[in-house]
Amino acid sequence: MRQMIEIAEEVFAERGYSAASMDDIAERVGVSKPMLYEYFNSKEGLLLACIQQSRAALREVTERATVGATSAEDALRRGLLAFFVFIRERRQAWSLLRHEMALIGTGAAEEIEQTRRQQTDLIAALMGDYLDPGDDLRAEASAEFVVGACERLAIWCERHEDVSPETATGYAMDVLWSGLSARAR
């Protein structure tokens, strides 16, 4: 099943959801089209499985990156670097997570929003550990800023191939940490 999802991710990223065909995905995987439908029920079901797998991978790498952080700044830097490395190394997964406009009319928009929510919750929890204890609303609002800013910066990075994940992290920290540092304990 993992291979089916990986191949589908490639096809969706190459062609877009609308132009991708279950026939092409089945052919590339080396299974019958009915087999794809057996596992995923529909093309949308396969797309949702791709997005869910990408979301789980993103969560894993960002959580793992922040383990052992010694300060709010260290946690934010580690998490941002993990995010920018993820989008560089997993371009197809990132492409699925960010192309929501092409996915309107599918359950994918909700899956993509769940990915944002997942990252916001992770960042808010980290901020709650380091910044303004007990001010959950401020931590959540700050996390929304981080997620939105980094999503836009990641899209900008796609146009600037020479910008490394480390450089993107530095740019993000320059802007984000200046506002958050006033609240660090």
# chains A, B, ... in the order shown; residues from 1 in each chain; ligands from 1

$ closest_atom_pairs --of "region 39-73 of chain A" --to "region 162-179 of chain A" --cutoff "12 Å" --atoms "only C-alpha atoms" --output "Markdown table"
| residue | atom | partner | partner_atom | distance |
| --- | --- | --- | --- | --- |
| A:Ser71 | CA | A:Trp177 | CA | 12.0 |
| A:Ala72 | CA | A:Trp177 | CA | 9.2 |
| A:Glu73 | CA | A:Trp177 | CA | 7.0 |

$ write_last_selection --atoms "all heavy atoms" --output "compact mmCIF listing (two decimals), in the first residue's frame"
# COMPACT_ATOMS: atom_id res chain seq x y z
N SER A 71 15.86 25.73 24.87
CA SER A 71 15.21 27.03 25.03
C SER A 71 14.14 27.17 23.96
O SER A 71 14.09 26.38 23.01
CB SER A 71 16.24 28.16 24.87
OG SER A 71 16.73 28.20 23.53
N ALA A 72 13.33 28.20 24.10
CA ALA A 72 12.31 28.48 23.09
C ALA A 72 12.96 28.76 21.75
O ALA A 72 12.50 28.27 20.71
CB ALA A 72 11.45 29.67 23.53
N GLU A 73 14.01 29.53 21.75
CA GLU A 73 14.70 29.85 20.50
C GLU A 73 15.26 28.59 19.85
O GLU A 73 15.11 28.39 18.63
CB GLU A 73 15.82 30.86 20.76
CG GLU A 73 16.55 31.27 19.50
CD GLU A 73 17.63 32.31 19.75
OE1 GLU A 73 17.98 32.57 20.91
OE2 GLU A 73 18.13 32.86 18.75

$ closest_atom_pairs --of "region 4-42 of chain A" --to "region 78-101 of chain A" --cutoff "7 Å" --atoms "only C-alpha atoms" --output "Markdown table"
| residue | atom | partner | partner_atom | distance |
| --- | --- | --- | --- | --- |
| A:Glu9 | CA | A:Gln92 | CA | 6.4 |
| A:Glu10 | CA | A:Gln92 | CA | 6.2 |
| A:Ala13 | CA | A:Gln92 | CA | 5.4 |

$ write_last_selection --atoms "N, CA, C and O atoms" --output "compact mmCIF listing (two decimals), in the first residue's frame"
# COMPACT_ATOMS: atom_id res chain seq x y z
N GLU A 9 1.45 9.90 -5.15
CA GLU A 9 1.99 11.21 -4.79
C GLU A 9 2.80 11.80 -5.95
O GLU A 9 2.65 12.98 -6.27
N GLU A 10 3.60 10.96 -6.58
CA GLU A 10 4.38 11.41 -7.75
C GLU A 10 3.46 11.90 -8.87
O GLU A 10 3.66 12.97 -9.44
N ALA A 13 1.60 15.08 -7.99
CA ALA A 13 2.51 16.23 -8.00
C ALA A 13 2.89 16.62 -9.43
O ALA A 13 2.99 17.81 -9.75

$ closest_residue --among "A:Leu153, A:Met127, A:Lys33, A:Glu111" --to "Ala141 (chain A)" --atoms "only C-alpha atoms"
A:Met127

$ select_by_dssp --residues "region 124-160 of chain A" --states "alpha helix (DSSP H)" --output "ChimeraX atom specification"
/A:124-130,136-159

$ atom_distance --atom1 "CA of Tyr37 (chain A)" --atom2 "CA of Arg59 (chain A)"
27.6 Å

$ atom_distance --atom1 "CA of Ile7 (chain A)" --atom2 "CA of His160 (chain A)"
26.5 Å

$ residues_around --residues "Asp24 (chain A)" --least-positions-apart "4" --cutoff "10 Å" --atoms "only C-alpha atoms" --output "list in words"
Ile7, Ala8, Val11, Ala20, Arg28, Val29, Gly30 and Lys33 of chain A

$ closest_residue --among "A:Gln119, A:Ser181, A:Gln3, A:Ser142" --to "Val61 (chain A)" --atoms "only C-alpha atoms"
A:Gln119
